[in-house]
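Peer 1: Contents of run.cif (mmCIF, C-alpha atoms) are below:
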```
data_final
loop_
_atom_site.label_atom_id
_atom_site.label_comp_id
_atom_site.auth_asym_id
_atom_site.auth_seq_id
_atom_site.Cartn_x
_atom_site.Cartn_y
_atom_site.Cartn_z
CA MET A 1 -152.06 67.74 -107.93
CA ALA A 2 -152.66 64.67 -110.13
CA LYS A 3 -155.68 66.31 -111.78
CA GLU A 4 -153.44 68.99 -113.32
CA SER A 5 -151.94 66.49 -115.78
CA VAL A 6 -155.32 65.43 -117.19
CA GLY A 7 -157.93 67.38 -119.05
CA LEU A 8 -157.60 69.79 -121.93
CA LYS A 9 -154.26 71.31 -120.86
CA GLY A 10 -152.67 67.87 -120.53
CA THR A 11 -153.88 66.70 -123.93
CA LEU A 12 -152.75 69.89 -125.68
CA GLY A 13 -149.22 69.55 -124.36
CA LEU A 14 -149.53 72.48 -121.98
CA ALA A 15 -148.70 70.33 -118.97
CA PRO A 16 -145.13 70.49 -117.59
CA LYS A 17 -142.58 68.61 -119.69
CA ILE A 18 -141.03 65.44 -118.29
CA ALA A 19 -137.35 64.78 -118.95
CA VAL A 20 -136.61 61.69 -121.05
CA LYS A 21 -133.79 59.43 -119.94
CA SER A 22 -130.96 58.99 -122.40
CA SER A 23 -130.42 55.59 -123.94
CA THR A 24 -127.25 53.64 -124.59
CA ILE A 25 -128.47 51.66 -127.59
CA ASP A 26 -125.83 50.59 -130.08
CA VAL A 27 -127.60 51.83 -133.20
CA ASP A 28 -125.18 50.20 -135.65
CA LYS A 29 -125.49 46.76 -134.03
CA THR A 30 -129.26 47.07 -133.82
CA GLU A 31 -129.47 48.08 -137.48
CA LYS A 32 -127.26 45.14 -138.48
CA ASP A 33 -129.35 42.68 -136.45
CA VAL A 34 -132.62 43.99 -137.88
CA LYS A 35 -131.28 43.73 -141.44
CA ASN A 36 -130.04 40.20 -140.75
CA ILE A 37 -133.37 39.09 -139.32
CA HIS A 38 -135.41 40.62 -142.13
CA SER A 39 -133.02 39.95 -145.01
CA GLY A 40 -134.55 36.59 -145.84
CA LYS A 41 -131.10 35.02 -146.03
CA VAL A 42 -131.60 32.94 -142.90
CA GLU A 43 -134.72 30.90 -142.28
CA LEU A 44 -135.60 30.95 -138.60
CA THR A 45 -137.30 28.37 -136.39
CA ARG A 46 -138.78 29.28 -133.02
CA ILE A 47 -138.12 27.04 -130.02
CA SER A 48 -139.41 27.02 -126.47
CA VAL A 49 -137.61 25.65 -123.42
CA ASP A 50 -138.98 25.06 -119.93
CA MET A 51 -136.32 25.50 -117.27
CA PRO A 52 -136.10 25.78 -113.48
CA LYS A 53 -136.54 29.35 -112.21
CA ALA A 54 -133.23 29.28 -110.33
CA LEU A 55 -131.34 28.37 -113.52
CA PHE A 56 -133.25 31.02 -115.50
CA LYS A 57 -132.34 33.66 -112.93
CA LYS A 58 -128.63 32.74 -113.13
CA MET A 59 -128.80 32.89 -116.92
CA LYS A 60 -130.47 36.33 -116.89
CA ILE A 61 -127.76 37.66 -114.54
CA ARG A 62 -125.00 36.29 -116.83
CA VAL A 63 -126.68 37.74 -119.92
CA ALA A 64 -127.05 41.16 -118.26
CA GLU A 65 -123.40 41.14 -117.16
CA ASP A 66 -122.30 40.33 -120.72
CA GLU A 67 -124.69 42.94 -122.16
CA MET A 68 -126.29 40.48 -124.56
CA THR A 69 -129.74 39.05 -125.18
CA VAL A 70 -130.91 35.63 -124.07
CA ARG A 71 -131.32 34.76 -127.75
CA ASP A 72 -127.73 35.68 -128.56
CA TYR A 73 -126.47 33.84 -125.47
CA VAL A 74 -128.30 30.61 -126.33
CA LEU A 75 -127.27 30.77 -130.00
CA LYS A 76 -123.64 31.33 -128.95
CA LEU A 77 -123.71 28.29 -126.64
CA ILE A 78 -125.25 26.09 -129.33
CA GLU A 79 -122.78 27.24 -131.99
CA GLU A 80 -119.82 26.70 -129.64
CA ASP A 81 -121.04 23.19 -128.81
CA LEU A 82 -121.64 22.22 -132.44
CA ASN A 83 -118.30 23.62 -133.62
CA LYS A 84 -116.20 21.48 -131.26
#
```
For this file, produce the structure as structure tokens.
Peer 2:
Amino acid sequence: MAKESVGLKGTLGLAPKIAVKSSTIDVDKTEKDVKNIHSGKVELTRISVDMPKALFKKMKIRVAEDEMTVRDYVLKLIEEDLNK
């Protein structure tokens, strides 16, 4: 069965089509973020942080629940702390 998807028929697109899952990407937010990153208005600096795996796992769960990226989460925490 697996050999049917390789070879000339598979490369010519004659193999059975596979359904593509739909995505729930917020196109407007993504477009805004990309423009902001590439606009040149804000100079960025990359950082790296070593952290315990247990803490990282908790953070990833929180970020997933809030539907945000780790980057956005960390920046939000830093901004909140500095704006006290």
Peer 1: So how far away is CA of Arg46 (chain A) from CA of Lys58 (chain A), in Å?
Peer 2: 22.6 Å
Peer 1: Which residues, protein or nucleic acid, reach to within 12 Å of (-135.3, 31.3, -134.3) in the file's coordinates when using only C-alpha atoms, and can you give that as a PyMOL selection string?
Peer 2: chain A and resi 37+42-48+70-72+74-75
Peer 1: Would you work out the distance separating CA of Arg62 (chain A) from CA of Leu77 (chain A), expressed in Å to one decimal?
Peer 2: 12.7 Å
Peer 1: Report the distance between CA of Ala64 (chain A) and CA of Glu80 (chain A) in Å, rounded to one decimal place.
Peer 2: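 It comes out at 19.8 Å.
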Peer 1: Need to verify the contact set: region 18-27 of chain A, 12 Å, only C-alpha atoms, exclusion of same-chain residues closer than 6 positions in sequence. Can you return it as a list in words?
Peer 2: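 Counting only the stated atoms, we get Ser5, Asp33, Val34, Glu67 and Met68 of chain A.
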Peer 1: Output region 22-44 of chain A with N, CA and C atoms present, as a CSV table (one decimal), in the frame of the given file.
Peer 2:
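Written out: part.csv:
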```csv
chain,number,residue,atom,x,y,z
A,22,SER,N,-131.8,59.3,-121.2
A,22,SER,CA,-131.0,59.0,-122.4
A,22,SER,C,-130.8,57.5,-122.5
A,23,SER,N,-130.6,57.0,-123.7
A,23,SER,CA,-130.4,55.6,-123.9
A,23,SER,C,-129.0,55.3,-124.4
A,24,THR,N,-128.6,54.1,-124.1
A,24,THR,CA,-127.2,53.6,-124.6
A,24,THR,C,-127.4,52.5,-125.6
A,25,ILE,N,-128.2,52.7,-126.6
A,25,ILE,CA,-128.5,51.7,-127.6
A,25,ILE,C,-127.4,51.8,-128.7
A,26,ASP,N,-126.8,50.6,-129.0
A,26,ASP,CA,-125.8,50.6,-130.1
A,26,ASP,C,-126.6,50.5,-131.4
A,27,VAL,N,-126.8,51.7,-132.0
A,27,VAL,CA,-127.6,51.8,-133.2
A,27,VAL,C,-127.1,51.0,-134.4
A,28,ASP,N,-125.8,51.0,-134.6
A,28,ASP,CA,-125.2,50.2,-135.6
A,28,ASP,C,-125.4,48.7,-135.5
A,29,LYS,N,-125.3,48.2,-134.3
A,29,LYS,CA,-125.5,46.8,-134.0
A,29,LYS,C,-127.0,46.4,-134.2
A,30,THR,N,-127.8,47.3,-133.7
A,30,THR,CA,-129.3,47.1,-133.8
A,30,THR,C,-129.7,47.1,-135.3
A,31,GLU,N,-129.2,48.0,-136.1
A,31,GLU,CA,-129.5,48.1,-137.5
A,31,GLU,C,-129.0,46.8,-138.2
A,32,LYS,N,-127.8,46.4,-137.9
A,32,LYS,CA,-127.3,45.1,-138.5
A,32,LYS,C,-128.1,43.9,-138.1
A,33,ASP,N,-128.5,43.8,-136.9
A,33,ASP,CA,-129.4,42.7,-136.4
A,33,ASP,C,-130.7,42.7,-137.1
A,34,VAL,N,-131.3,43.9,-137.2
A,34,VAL,CA,-132.6,44.0,-137.9
A,34,VAL,C,-132.5,43.6,-139.4
A,35,LYS,N,-131.5,44.1,-140.0
A,35,LYS,CA,-131.3,43.7,-141.4
A,35,LYS,C,-131.1,42.2,-141.6
A,36,ASN,N,-130.3,41.6,-140.7
A,36,ASN,CA,-130.0,40.2,-140.8
A,36,ASN,C,-131.3,39.4,-140.6
A,37,ILE,N,-132.1,39.8,-139.6
A,37,ILE,CA,-133.4,39.1,-139.3
A,37,ILE,C,-134.3,39.2,-140.5
A,38,HIS,N,-134.4,40.4,-141.1
A,38,HIS,CA,-135.4,40.6,-142.1
A,38,HIS,C,-134.9,40.5,-143.5
A,39,SER,N,-133.6,40.0,-143.7
A,39,SER,CA,-133.0,40.0,-145.0
A,39,SER,C,-133.5,38.8,-145.8
A,40,GLY,N,-134.1,37.8,-145.1
A,40,GLY,CA,-134.6,36.6,-145.8
A,40,GLY,C,-133.4,35.6,-146.1
A,41,LYS,N,-132.2,35.9,-145.8
A,41,LYS,CA,-131.1,35.0,-146.0
A,41,LYS,C,-131.1,33.8,-145.1
A,42,VAL,N,-131.6,34.0,-143.9
A,42,VAL,CA,-131.6,32.9,-142.9
A,42,VAL,C,-133.0,32.6,-142.5
A,43,GLU,N,-133.4,31.3,-142.7
A,43,GLU,CA,-134.7,30.9,-142.3
A,43,GLU,C,-134.7,30.6,-140.8
A,44,LEU,N,-135.6,31.1,-140.0
A,44,LEU,CA,-135.6,31.0,-138.6
A,44,LEU,C,-136.7,29.9,-138.2
```
